[in-house]
>>> print(open('structure_3.pdb').read())   # PDB, N, CA and C atoms, pLDDT in the B column
ATOM      1  N   MET Q   2      -0.345   5.468  -9.388  1.00 91.00           N
ATOM      2  CA  MET Q   2      -0.826   5.041  -8.088  1.00 91.00           C
ATOM      3  C   MET Q   2       0.303   4.433  -7.245  1.00 91.00           C
ATOM      4  N   LYS Q   3       1.192   3.740  -7.925  1.00 94.00           N
ATOM      5  CA  LYS Q   3       2.311   3.141  -7.208  1.00 94.00           C
ATOM      6  C   LYS Q   3       3.166   4.224  -6.551  1.00 94.00           C
ATOM      7  N   ASN Q   4       3.364   5.345  -7.250  1.00 95.00           N
ATOM      8  CA  ASN Q   4       4.153   6.442  -6.688  1.00 95.00           C
ATOM      9  C   ASN Q   4       3.451   7.093  -5.495  1.00 95.00           C
ATOM     10  N   LEU Q   5       2.130   7.238  -5.579  1.00 95.00           N
ATOM     11  CA  LEU Q   5       1.366   7.778  -4.458  1.00 95.00           C
ATOM     12  C   LEU Q   5       1.494   6.871  -3.250  1.00 95.00           C
ATOM     13  N   LEU Q   6       1.358   5.580  -3.459  1.00 96.00           N
ATOM     14  CA  LEU Q   6       1.495   4.611  -2.377  1.00 96.00           C
ATOM     15  C   LEU Q   6       2.891   4.676  -1.767  1.00 96.00           C
ATOM     16  N   LEU Q   7       3.901   4.766  -2.607  1.00 96.00           N
ATOM     17  CA  LEU Q   7       5.280   4.848  -2.124  1.00 96.00           C
ATOM     18  C   LEU Q   7       5.506   6.112  -1.309  1.00 96.00           C
ATOM     19  N   ASP Q   8       4.963   7.234  -1.750  1.00 96.00           N
ATOM     20  CA  ASP Q   8       5.098   8.482  -0.998  1.00 96.00           C
ATOM     21  C   ASP Q   8       4.444   8.387   0.376  1.00 96.00           C
ATOM     22  N   ILE Q   9       3.266   7.803   0.431  1.00 96.00           N
ATOM     23  CA  ILE Q   9       2.560   7.645   1.708  1.00 96.00           C
ATOM     24  C   ILE Q   9       3.369   6.759   2.646  1.00 96.00           C
ATOM     25  N   LEU Q  10       3.835   5.616   2.132  1.00 97.00           N
ATOM     26  CA  LEU Q  10       4.573   4.675   2.975  1.00 97.00           C
ATOM     27  C   LEU Q  10       5.902   5.248   3.453  1.00 97.00           C
ATOM     28  N   ASN Q  11       6.593   5.987   2.595  1.00 96.00           N
ATOM     29  CA  ASN Q  11       7.875   6.574   2.984  1.00 96.00           C
ATOM     30  C   ASN Q  11       7.734   7.546   4.141  1.00 96.00           C
ATOM     31  N   ASN Q  12       6.562   8.166   4.288  1.00 96.00           N
ATOM     32  CA  ASN Q  12       6.338   9.094   5.387  1.00 96.00           C
ATOM     33  C   ASN Q  12       5.868   8.411   6.668  1.00 96.00           C
ATOM     34  N   ILE Q  13       5.542   7.140   6.581  1.00 95.00           N
ATOM     35  CA  ILE Q  13       5.054   6.403   7.748  1.00 95.00           C
ATOM     36  C   ILE Q  13       6.163   5.600   8.427  1.00 95.00           C
ATOM     37  N   VAL Q  14       7.028   4.992   7.637  1.00 96.00           N
ATOM     38  CA  VAL Q  14       7.981   4.005   8.160  1.00 96.00           C
ATOM     39  C   VAL Q  14       9.293   4.625   8.635  1.00 96.00           C
ATOM     40  N   LYS Q  15      10.044   3.837   9.405  1.00 96.00           N
ATOM     41  CA  LYS Q  15      11.352   4.260   9.902  1.00 96.00           C
ATOM     42  C   LYS Q  15      12.470   3.961   8.904  1.00 96.00           C
ATOM     43  N   HIS Q  16      12.245   2.977   8.033  1.00 96.00           N
ATOM     44  CA  HIS Q  16      13.248   2.557   7.051  1.00 96.00           C
ATOM     45  C   HIS Q  16      12.676   2.706   5.637  1.00 96.00           C
ATOM     46  N   PRO Q  17      12.532   3.938   5.149  1.00 96.00           N
ATOM     47  CA  PRO Q  17      11.909   4.127   3.827  1.00 96.00           C
ATOM     48  C   PRO Q  17      12.729   3.572   2.673  1.00 96.00           C
ATOM     49  N   ASP Q  18      14.023   3.420   2.864  1.00 96.00           N
ATOM     50  CA  ASP Q  18      14.867   2.886   1.793  1.00 96.00           C
ATOM     51  C   ASP Q  18      14.646   1.394   1.566  1.00 96.00           C
ATOM     52  N   GLU Q  19      13.977   0.722   2.505  1.00 95.00           N
ATOM     53  CA  GLU Q  19      13.734  -0.715   2.383  1.00 95.00           C
ATOM     54  C   GLU Q  19      12.339  -1.042   1.857  1.00 95.00           C
ATOM     55  N   ILE Q  20      11.563  -0.036   1.524  1.00 96.00           N
ATOM     56  CA  ILE Q  20      10.225  -0.266   0.980  1.00 96.00           C
ATOM     57  C   ILE Q  20      10.339  -0.666  -0.491  1.00 96.00           C
ATOM     58  N   LYS Q  21       9.652  -1.750  -0.835  1.00 97.00           N
ATOM     59  CA  LYS Q  21       9.627  -2.225  -2.217  1.00 97.00           C
ATOM     60  C   LYS Q  21       8.180  -2.582  -2.544  1.00 97.00           C
ATOM     61  N   ILE Q  22       7.707  -2.123  -3.686  1.00 97.00           N
ATOM     62  CA  ILE Q  22       6.319  -2.371  -4.083  1.00 97.00           C
ATOM     63  C   ILE Q  22       6.305  -3.066  -5.439  1.00 97.00           C
ATOM     64  N   ILE Q  23       5.597  -4.180  -5.490  1.00 97.00           N
ATOM     65  CA  ILE Q  23       5.428  -4.909  -6.750  1.00 97.00           C
ATOM     66  C   ILE Q  23       3.957  -4.828  -7.140  1.00 97.00           C
ATOM     67  N   GLU Q  24       3.717  -4.356  -8.354  1.00 96.00           N
ATOM     68  CA  GLU Q  24       2.351  -4.171  -8.850  1.00 96.00           C
ATOM     69  C   GLU Q  24       2.001  -5.281  -9.830  1.00 96.00           C
ATOM     70  N   SER Q  25       0.824  -5.852  -9.673  1.00 96.00           N
ATOM     71  CA  SER Q  25       0.344  -6.860 -10.616  1.00 96.00           C
ATOM     72  C   SER Q  25      -1.151  -6.641 -10.852  1.00 96.00           C
ATOM     73  N   ASN Q  26      -1.624  -7.094 -11.994  1.00 94.00           N
ATOM     74  CA  ASN Q  26      -3.031  -6.938 -12.356  1.00 94.00           C
ATOM     75  C   ASN Q  26      -3.706  -8.296 -12.391  1.00 94.00           C
ATOM     76  N   GLU Q  27      -4.908  -8.337 -11.861  1.00 91.00           N
ATOM     77  CA  GLU Q  27      -5.702  -9.558 -11.866  1.00 91.00           C
ATOM     78  C   GLU Q  27      -7.141  -9.160 -12.191  1.00 91.00           C
ATOM     79  N   GLU Q  28      -7.558  -9.387 -13.396  1.00 88.00           N
ATOM     80  CA  GLU Q  28      -8.869  -8.959 -13.900  1.00 88.00           C
ATOM     81  C   GLU Q  28      -9.031  -7.459 -13.680  1.00 88.00           C
ATOM     82  N   LYS Q  29      -9.969  -7.027 -12.858  1.00 89.00           N
ATOM     83  CA  LYS Q  29     -10.173  -5.596 -12.618  1.00 89.00           C
ATOM     84  C   LYS Q  29      -9.508  -5.122 -11.333  1.00 89.00           C
ATOM     85  N   ASN Q  30      -8.706  -5.964 -10.749  1.00 93.00           N
ATOM     86  CA  ASN Q  30      -8.015  -5.610  -9.512  1.00 93.00           C
ATOM     87  C   ASN Q  30      -6.553  -5.295  -9.783  1.00 93.00           C
ATOM     88  N   VAL Q  31      -6.042  -4.309  -9.075  1.00 94.00           N
ATOM     89  CA  VAL Q  31      -4.619  -4.004  -9.097  1.00 94.00           C
ATOM     90  C   VAL Q  31      -4.088  -4.378  -7.716  1.00 94.00           C
ATOM     91  N   ILE Q  32      -3.125  -5.287  -7.695  1.00 96.00           N
ATOM     92  CA  ILE Q  32      -2.585  -5.786  -6.436  1.00 96.00           C
ATOM     93  C   ILE Q  32      -1.212  -5.178  -6.211  1.00 96.00           C
ATOM     94  N   PHE Q  33      -1.041  -4.561  -5.051  1.00 97.00           N
ATOM     95  CA  PHE Q  33       0.251  -4.016  -4.647  1.00 97.00           C
ATOM     96  C   PHE Q  33       0.794  -4.873  -3.512  1.00 97.00           C
ATOM     97  N   GLU Q  34       1.925  -5.529  -3.756  1.00 97.00           N
ATOM     98  CA  GLU Q  34       2.607  -6.279  -2.703  1.00 97.00           C
ATOM     99  C   GLU Q  34       3.654  -5.353  -2.115  1.00 97.00           C
ATOM    100  N   ILE Q  35       3.538  -5.076  -0.830  1.00 97.00           N
ATOM    101  CA  ILE Q  35       4.424  -4.144  -0.147  1.00 97.00           C
ATOM    102  C   ILE Q  35       5.421  -4.942   0.688  1.00 97.00           C
ATOM    103  N   TYR Q  36       6.691  -4.812   0.336  1.00 97.00           N
ATOM    104  CA  TYR Q  36       7.757  -5.452   1.098  1.00 97.00           C
ATOM    105  C   TYR Q  36       8.409  -4.380   1.968  1.00 97.00           C
ATOM    106  N   ALA Q  37       8.518  -4.657   3.266  1.00 95.00           N
ATOM    107  CA  ALA Q  37       9.055  -3.666   4.189  1.00 95.00           C
ATOM    108  C   ALA Q  37       9.880  -4.344   5.263  1.00 95.00           C
ATOM    109  N   ASN Q  38      10.671  -3.550   5.942  1.00 94.00           N
ATOM    110  CA  ASN Q  38      11.440  -4.017   7.089  1.00 94.00           C
ATOM    111  C   ASN Q  38      10.453  -4.546   8.130  1.00 94.00           C
ATOM    112  N   SER Q  39      10.827  -5.600   8.834  1.00 93.00           N
ATOM    113  CA  SER Q  39       9.916  -6.200   9.812  1.00 93.00           C
ATOM    114  C   SER Q  39       9.521  -5.224  10.917  1.00 93.00           C
ATOM    115  N   GLU Q  40      10.371  -4.238  11.223  1.00 94.00           N
ATOM    116  CA  GLU Q  40      10.027  -3.230  12.223  1.00 94.00           C
ATOM    117  C   GLU Q  40       8.923  -2.305  11.736  1.00 94.00           C
ATOM    118  N   ASP Q  41       8.803  -2.143  10.434  1.00 95.00           N
ATOM    119  CA  ASP Q  41       7.852  -1.196   9.857  1.00 95.00           C
ATOM    120  C   ASP Q  41       6.493  -1.807   9.545  1.00 95.00           C
ATOM    121  N   VAL Q  42       6.385  -3.109   9.574  1.00 95.00           N
ATOM    122  CA  VAL Q  42       5.132  -3.772   9.197  1.00 95.00           C
ATOM    123  C   VAL Q  42       3.983  -3.326  10.107  1.00 95.00           C
ATOM    124  N   GLY Q  43       4.242  -3.233  11.389  1.00 94.00           N
ATOM    125  CA  GLY Q  43       3.211  -2.794  12.336  1.00 94.00           C
ATOM    126  C   GLY Q  43       2.761  -1.372  12.081  1.00 94.00           C
ATOM    127  N   GLN Q  44       3.698  -0.511  11.699  1.00 95.00           N
ATOM    128  CA  GLN Q  44       3.371   0.875  11.376  1.00 95.00           C
ATOM    129  C   GLN Q  44       2.490   0.944  10.137  1.00 95.00           C
ATOM    130  N   ILE Q  45       2.780   0.116   9.158  1.00 96.00           N
ATOM    131  CA  ILE Q  45       2.014   0.125   7.910  1.00 96.00           C
ATOM    132  C   ILE Q  45       0.598  -0.400   8.142  1.00 96.00           C
ATOM    133  N   ILE Q  46       0.476  -1.470   8.895  1.00 96.00           N
ATOM    134  CA  ILE Q  46      -0.837  -2.077   9.128  1.00 96.00           C
ATOM    135  C   ILE Q  46      -1.651  -1.239  10.108  1.00 96.00           C
ATOM    136  N   GLY Q  47      -1.028  -0.806  11.191  1.00 95.00           N
ATOM    137  CA  GLY Q  47      -1.720   0.001  12.187  1.00 95.00           C
ATOM    138  C   GLY Q  47      -2.582  -0.839  13.109  1.00 95.00           C
ATOM    139  N   LYS Q  48      -3.096  -0.187  14.121  1.00 95.00           N
ATOM    140  CA  LYS Q  48      -3.927  -0.883  15.104  1.00 95.00           C
ATOM    141  C   LYS Q  48      -5.236  -1.316  14.450  1.00 95.00           C
ATOM    142  N   ASP Q  49      -5.520  -2.599  14.541  1.00 96.00           N
ATOM    143  CA  ASP Q  49      -6.710  -3.211  13.929  1.00 96.00           C
ATOM    144  C   ASP Q  49      -6.778  -2.985  12.421  1.00 96.00           C
ATOM    145  N   GLY Q  50      -5.620  -2.734  11.778  1.00 95.00           N
ATOM    146  CA  GLY Q  50      -5.577  -2.561  10.334  1.00 95.00           C
ATOM    147  C   GLY Q  50      -6.073  -1.206   9.854  1.00 95.00           C
ATOM    148  N   ARG Q  51      -6.185  -0.249  10.756  1.00 97.00           N
ATOM    149  CA  ARG Q  51      -6.745   1.056  10.387  1.00 97.00           C
ATOM    150  C   ARG Q  51      -5.877   1.820   9.396  1.00 97.00           C
ATOM    151  N   THR Q  52      -4.558   1.761   9.559  1.00 97.00           N
ATOM    152  CA  THR Q  52      -3.673   2.521   8.672  1.00 97.00           C
ATOM    153  C   THR Q  52      -3.727   1.982   7.251  1.00 97.00           C
ATOM    154  N   ILE Q  53      -3.611   0.681   7.095  1.00 96.00           N
ATOM    155  CA  ILE Q  53      -3.621   0.094   5.752  1.00 96.00           C
ATOM    156  C   ILE Q  53      -4.991   0.280   5.088  1.00 96.00           C
ATOM    157  N   LYS Q  54      -6.060   0.217   5.872  1.00 96.00           N
ATOM    158  CA  LYS Q  54      -7.395   0.469   5.322  1.00 96.00           C
ATOM    159  C   LYS Q  54      -7.520   1.916   4.850  1.00 96.00           C
ATOM    160  N   SER Q  55      -6.964   2.844   5.619  1.00 96.00           N
ATOM    161  CA  SER Q  55      -7.013   4.257   5.239  1.00 96.00           C
ATOM    162  C   SER Q  55      -6.218   4.511   3.966  1.00 96.00           C
ATOM    163  N   ILE Q  56      -5.071   3.880   3.849  1.00 96.00           N
ATOM    164  CA  ILE Q  56      -4.264   4.013   2.629  1.00 96.00           C
ATOM    165  C   ILE Q  56      -5.036   3.471   1.432  1.00 96.00           C
ATOM    166  N   ASN Q  57      -5.703   2.345   1.617  1.00 95.00           N
ATOM    167  CA  ASN Q  57      -6.498   1.744   0.539  1.00 95.00           C
ATOM    168  C   ASN Q  57      -7.638   2.672   0.137  1.00 95.00           C
ATOM    169  N   ILE Q  58      -8.286   3.317   1.102  1.00 94.00           N
ATOM    170  CA  ILE Q  58      -9.365   4.261   0.802  1.00 94.00           C
ATOM    171  C   ILE Q  58      -8.830   5.435  -0.011  1.00 94.00           C
ATOM    172  N   LEU Q  59      -7.654   5.950   0.367  1.00 93.00           N
ATOM    173  CA  LEU Q  59      -7.041   7.054  -0.378  1.00 93.00           C
ATOM    174  C   LEU Q  59      -6.750   6.668  -1.824  1.00 93.00           C
ATOM    175  N   LEU Q  60      -6.189   5.494  -2.012  1.00 93.00           N
ATOM    176  CA  LEU Q  60      -5.877   5.035  -3.371  1.00 93.00           C
ATOM    177  C   LEU Q  60      -7.138   4.870  -4.206  1.00 93.00           C
ATOM    178  N   ASN Q  61      -8.164   4.281  -3.612  1.00 90.00           N
ATOM    179  CA  ASN Q  61      -9.410   4.076  -4.351  1.00 90.00           C
ATOM    180  C   ASN Q  61     -10.121   5.393  -4.647  1.00 90.00           C
ATOM    181  N   ALA Q  62      -9.954   6.384  -3.783  1.00 91.00           N
ATOM    182  CA  ALA Q  62     -10.559   7.698  -4.031  1.00 91.00           C
ATOM    183  C   ALA Q  62      -9.818   8.442  -5.147  1.00 91.00           C
ATOM    184  N   ALA Q  63      -8.525   8.193  -5.287  1.00 90.00           N
ATOM    185  CA  ALA Q  63      -7.709   8.906  -6.276  1.00 90.00           C
ATOM    186  C   ALA Q  63      -7.679   8.227  -7.647  1.00 90.00           C
ATOM    187  N   LYS Q  64      -8.274   7.056  -7.766  1.00 88.00           N
ATOM    188  CA  LYS Q  64      -8.199   6.323  -9.039  1.00 88.00           C
ATOM    189  C   LYS Q  64      -9.023   6.997 -10.115  1.00 88.00           C
ATOM    190  N   LYS Q  65      -8.614   6.779 -11.351  1.00 86.00           N
ATOM    191  CA  LYS Q  65      -9.311   7.367 -12.501  1.00 86.00           C
ATOM    192  C   LYS Q  65     -10.319   6.403 -13.104  1.00 86.00           C
ATOM    193  N   ASP Q  66     -10.045   5.128 -13.012  1.00 85.00           N
ATOM    194  CA  ASP Q  66     -10.932   4.114 -13.579  1.00 85.00           C
ATOM    195  C   ASP Q  66     -11.872   3.597 -12.479  1.00 85.00           C
ATOM    196  N   PRO Q  67     -13.173   3.870 -12.576  1.00 85.00           N
ATOM    197  CA  PRO Q  67     -14.093   3.457 -11.501  1.00 85.00           C
ATOM    198  C   PRO Q  67     -14.265   1.946 -11.379  1.00 85.00           C
ATOM    199  N   ASP Q  68     -13.857   1.198 -12.391  1.00 88.00           N
ATOM    200  CA  ASP Q  68     -14.015  -0.254 -12.343  1.00 88.00           C
ATOM    201  C   ASP Q  68     -12.865  -0.949 -11.625  1.00 88.00           C
ATOM    202  N   LYS Q  69     -11.730  -0.272 -11.483  1.00 88.00           N
ATOM    203  CA  LYS Q  69     -10.576  -0.890 -10.839  1.00 88.00           C
ATOM    204  C   LYS Q  69     -10.712  -0.857  -9.328  1.00 88.00           C
ATOM    205  N   LYS Q  70     -10.098  -1.847  -8.696  1.00 91.00           N
ATOM    206  CA  LYS Q  70     -10.076  -1.925  -7.242  1.00 91.00           C
ATOM    207  C   LYS Q  70      -8.650  -2.242  -6.828  1.00 91.00           C
ATOM    208  N   PHE Q  71      -8.183  -1.584  -5.786  1.00 93.00           N
ATOM    209  CA  PHE Q  71      -6.819  -1.805  -5.319  1.00 93.00           C
ATOM    210  C   PHE Q  71      -6.823  -2.747  -4.131  1.00 93.00           C
ATOM    211  N   ILE Q  72      -5.891  -3.672  -4.150  1.00 94.00           N
ATOM    212  CA  ILE Q  72      -5.704  -4.616  -3.049  1.00 94.00           C
ATOM    213  C   ILE Q  72      -4.268  -4.455  -2.557  1.00 94.00           C
ATOM    214  N   LEU Q  73      -4.119  -4.231  -1.266  1.00 96.00           N
ATOM    215  CA  LEU Q  73      -2.791  -4.047  -0.677  1.00 96.00           C
ATOM    216  C   LEU Q  73      -2.430  -5.267   0.157  1.00 96.00           C
ATOM    217  N   LYS Q  74      -1.237  -5.799  -0.066  1.00 96.00           N
ATOM    218  CA  LYS Q  74      -0.732  -6.939   0.706  1.00 96.00           C
ATOM    219  C   LYS Q  74       0.606  -6.549   1.295  1.00 96.00           C
ATOM    220  N   VAL Q  75       0.720  -6.636   2.610  1.00 95.00           N
ATOM    221  CA  VAL Q  75       1.979  -6.318   3.283  1.00 95.00           C
ATOM    222  C   VAL Q  75       2.715  -7.623   3.537  1.00 95.00           C
ATOM    223  N   ILE Q  76       3.953  -7.688   3.055  1.00 90.00           N
ATOM    224  CA  ILE Q  76       4.760  -8.909   3.164  1.00 90.00           C
ATOM    225  C   ILE Q  76       6.013  -8.587   3.953  1.00 90.00           C
ATOM    226  N   ARG Q  77       6.320  -9.429   4.918  1.00 81.00           N
ATOM    227  CA  ARG Q  77       7.511  -9.205   5.753  1.00 81.00           C
ATOM    228  C   ARG Q  77       8.752  -9.641   5.047  1.00 81.00           C
TER     229      ARG Q  77
END
>>> encode(input="structure_3.pdb", output="structure tokens")
Amino acid sequence: MKNLLLDILNNIVKHPDEIKIIESNEEKNVIFEIYANSEDVGQIIGKDGRTIKSINILLNAAKKDPDKKFILKVIR
């Protein structure tokens, strides 16, 4: 899932070499902390959070374990 997220983000941002993703587990949640260039944060989040919500929907649709939930956090 981390690779899928990285592929999606690399196609959205202007500085794909600066994208860094840290994955952690918390009970049944998988948390992805996304570190990006400050210019790219707006692109990742999108207007009213639509882009990041869409990415989250894609990840949750592609998951194999129905009990897991993905949480995305964008950090400047």
>>> select_by_dssp(input="structure_3.pdb", residues="chain Q", states="helix (DSSP H, G or I)", output="NGL selection string")
:Q and (3-13 or 17-19 or 42-46 or 48-63)
>>> write_last_selection(input="structure_3.pdb", atoms="N, CA and C atoms", output="compact mmCIF listing (two decimals), in the frame of the given file")
# COMPACT_ATOMS: atom_id res chain seq x y z
N LYS Q 3 1.19 3.74 -7.92
CA LYS Q 3 2.31 3.14 -7.21
C LYS Q 3 3.17 4.22 -6.55
N ASN Q 4 3.36 5.34 -7.25
CA ASN Q 4 4.15 6.44 -6.69
C ASN Q 4 3.45 7.09 -5.50
N LEU Q 5 2.13 7.24 -5.58
CA LEU Q 5 1.37 7.78 -4.46
C LEU Q 5 1.49 6.87 -3.25
N LEU Q 6 1.36 5.58 -3.46
CA LEU Q 6 1.50 4.61 -2.38
C LEU Q 6 2.89 4.68 -1.77
N LEU Q 7 3.90 4.77 -2.61
CA LEU Q 7 5.28 4.85 -2.12
C LEU Q 7 5.51 6.11 -1.31
N ASP Q 8 4.96 7.23 -1.75
CA ASP Q 8 5.10 8.48 -1.00
C ASP Q 8 4.44 8.39 0.38
N ILE Q 9 3.27 7.80 0.43
CA ILE Q 9 2.56 7.64 1.71
C ILE Q 9 3.37 6.76 2.65
N LEU Q 10 3.84 5.62 2.13
CA LEU Q 10 4.57 4.68 2.98
C LEU Q 10 5.90 5.25 3.45
N ASN Q 11 6.59 5.99 2.60
CA ASN Q 11 7.88 6.57 2.98
C ASN Q 11 7.73 7.55 4.14
N ASN Q 12 6.56 8.17 4.29
CA ASN Q 12 6.34 9.09 5.39
C ASN Q 12 5.87 8.41 6.67
N ILE Q 13 5.54 7.14 6.58
CA ILE Q 13 5.05 6.40 7.75
C ILE Q 13 6.16 5.60 8.43
N PRO Q 17 12.53 3.94 5.15
CA PRO Q 17 11.91 4.13 3.83
C PRO Q 17 12.73 3.57 2.67
N ASP Q 18 14.02 3.42 2.86
CA ASP Q 18 14.87 2.89 1.79
C ASP Q 18 14.65 1.39 1.57
N GLU Q 19 13.98 0.72 2.50
CA GLU Q 19 13.73 -0.72 2.38
C GLU Q 19 12.34 -1.04 1.86
N VAL Q 42 6.38 -3.11 9.57
CA VAL Q 42 5.13 -3.77 9.20
C VAL Q 42 3.98 -3.33 10.11
N GLY Q 43 4.24 -3.23 11.39
CA GLY Q 43 3.21 -2.79 12.34
C GLY Q 43 2.76 -1.37 12.08
N GLN Q 44 3.70 -0.51 11.70
CA GLN Q 44 3.37 0.88 11.38
C GLN Q 44 2.49 0.94 10.14
N ILE Q 45 2.78 0.12 9.16
CA ILE Q 45 2.01 0.12 7.91
C ILE Q 45 0.60 -0.40 8.14
N ILE Q 46 0.48 -1.47 8.90
CA ILE Q 46 -0.84 -2.08 9.13
C ILE Q 46 -1.65 -1.24 10.11
N LYS Q 48 -3.10 -0.19 14.12
CA LYS Q 48 -3.93 -0.88 15.10
C LYS Q 48 -5.24 -1.32 14.45
N ASP Q 49 -5.52 -2.60 14.54
CA ASP Q 49 -6.71 -3.21 13.93
C ASP Q 49 -6.78 -2.98 12.42
N GLY Q 50 -5.62 -2.73 11.78
CA GLY Q 50 -5.58 -2.56 10.33
C GLY Q 50 -6.07 -1.21 9.85
N ARG Q 51 -6.18 -0.25 10.76
CA ARG Q 51 -6.74 1.06 10.39
C ARG Q 51 -5.88 1.82 9.40
N THR Q 52 -4.56 1.76 9.56
CA THR Q 52 -3.67 2.52 8.67
C THR Q 52 -3.73 1.98 7.25
N ILE Q 53 -3.61 0.68 7.10
CA ILE Q 53 -3.62 0.09 5.75
C ILE Q 53 -4.99 0.28 5.09
N LYS Q 54 -6.06 0.22 5.87
CA LYS Q 54 -7.40 0.47 5.32
C LYS Q 54 -7.52 1.92 4.85
N SER Q 55 -6.96 2.84 5.62
CA SER Q 55 -7.01 4.26 5.24
C SER Q 55 -6.22 4.51 3.97
N ILE Q 56 -5.07 3.88 3.85
CA ILE Q 56 -4.26 4.01 2.63
C ILE Q 56 -5.04 3.47 1.43
N ASN Q 57 -5.70 2.35 1.62
CA ASN Q 57 -6.50 1.74 0.54
C ASN Q 57 -7.64 2.67 0.14
N ILE Q 58 -8.29 3.32 1.10
CA ILE Q 58 -9.36 4.26 0.80
C ILE Q 58 -8.83 5.44 -0.01
N LEU Q 59 -7.65 5.95 0.37
CA LEU Q 59 -7.04 7.05 -0.38
C LEU Q 59 -6.75 6.67 -1.82
N LEU Q 60 -6.19 5.49 -2.01
CA LEU Q 60 -5.88 5.04 -3.37
C LEU Q 60 -7.14 4.87 -4.21
N ASN Q 61 -8.16 4.28 -3.61
CA ASN Q 61 -9.41 4.08 -4.35
C ASN Q 61 -10.12 5.39 -4.65
N ALA Q 62 -9.95 6.38 -3.78
CA ALA Q 62 -10.56 7.70 -4.03
C ALA Q 62 -9.82 8.44 -5.15
N ALA Q 63 -8.52 8.19 -5.29
CA ALA Q 63 -7.71 8.91 -6.28
C ALA Q 63 -7.68 8.23 -7.65
>>> atom_distance(input="structure_3.pdb", atom1="atom C of Pro17 (chain Q)", atom2="atom N of Asn57 (chain Q)")
18.5 Å
>>> atom_distance(input="structure_3.pdb", atom1="CA of Ile58 (chain Q)", atom2="CA of Leu6 (chain Q)")
11.3 Å
>>> resolve_selection(input="structure_3.pdb", expression="the PyMOL selection byres (((chain Q and resi 75 and name CA) around 9) and name CA)", output="tab-separated table (two decimals) with N, CA and C atoms, in the coordinates of the input")
chain	number	residue	atom	x	y	z
Q	33	PHE	N	-1.04	-4.56	-5.05
Q	33	PHE	CA	0.25	-4.02	-4.65
Q	33	PHE	C	0.79	-4.87	-3.51
Q	34	GLU	N	1.92	-5.53	-3.76
Q	34	GLU	CA	2.61	-6.28	-2.70
Q	34	GLU	C	3.65	-5.35	-2.12
Q	35	ILE	N	3.54	-5.08	-0.83
Q	35	ILE	CA	4.42	-4.14	-0.15
Q	35	ILE	C	5.42	-4.94	0.69
Q	36	TYR	N	6.69	-4.81	0.34
Q	36	TYR	CA	7.76	-5.45	1.10
Q	36	TYR	C	8.41	-4.38	1.97
Q	37	ALA	N	8.52	-4.66	3.27
Q	37	ALA	CA	9.06	-3.67	4.19
Q	37	ALA	C	9.88	-4.34	5.26
Q	42	VAL	N	6.38	-3.11	9.57
Q	42	VAL	CA	5.13	-3.77	9.20
Q	42	VAL	C	3.98	-3.33	10.11
Q	45	ILE	N	2.78	0.12	9.16
Q	45	ILE	CA	2.01	0.12	7.91
Q	45	ILE	C	0.60	-0.40	8.14
Q	46	ILE	N	0.48	-1.47	8.90
Q	46	ILE	CA	-0.84	-2.08	9.13
Q	46	ILE	C	-1.65	-1.24	10.11
Q	53	ILE	N	-3.61	0.68	7.10
Q	53	ILE	CA	-3.62	0.09	5.75
Q	53	ILE	C	-4.99	0.28	5.09
Q	73	LEU	N	-4.12	-4.23	-1.27
Q	73	LEU	CA	-2.79	-4.05	-0.68
Q	73	LEU	C	-2.43	-5.27	0.16
Q	74	LYS	N	-1.24	-5.80	-0.07
Q	74	LYS	CA	-0.73	-6.94	0.71
Q	74	LYS	C	0.61	-6.55	1.30
Q	76	ILE	N	3.95	-7.69	3.06
Q	76	ILE	CA	4.76	-8.91	3.16
Q	76	ILE	C	6.01	-8.59	3.95
Q	77	ARG	N	6.32	-9.43	4.92
Q	77	ARG	CA	7.51	-9.20	5.75
Q	77	ARG	C	8.75	-9.64	5.05
>>> atom_distance(input="structure_3.pdb", atom1="CA of Lys29 (chain Q)", atom2="CA of Val14 (chain Q)")
29.2 Å
>>> select_by_dssp(input="structure_3.pdb", residues="chain Q", states="strand (DSSP E)", output="ChimeraX atom specification")
/Q:21-27,30-36,70-76
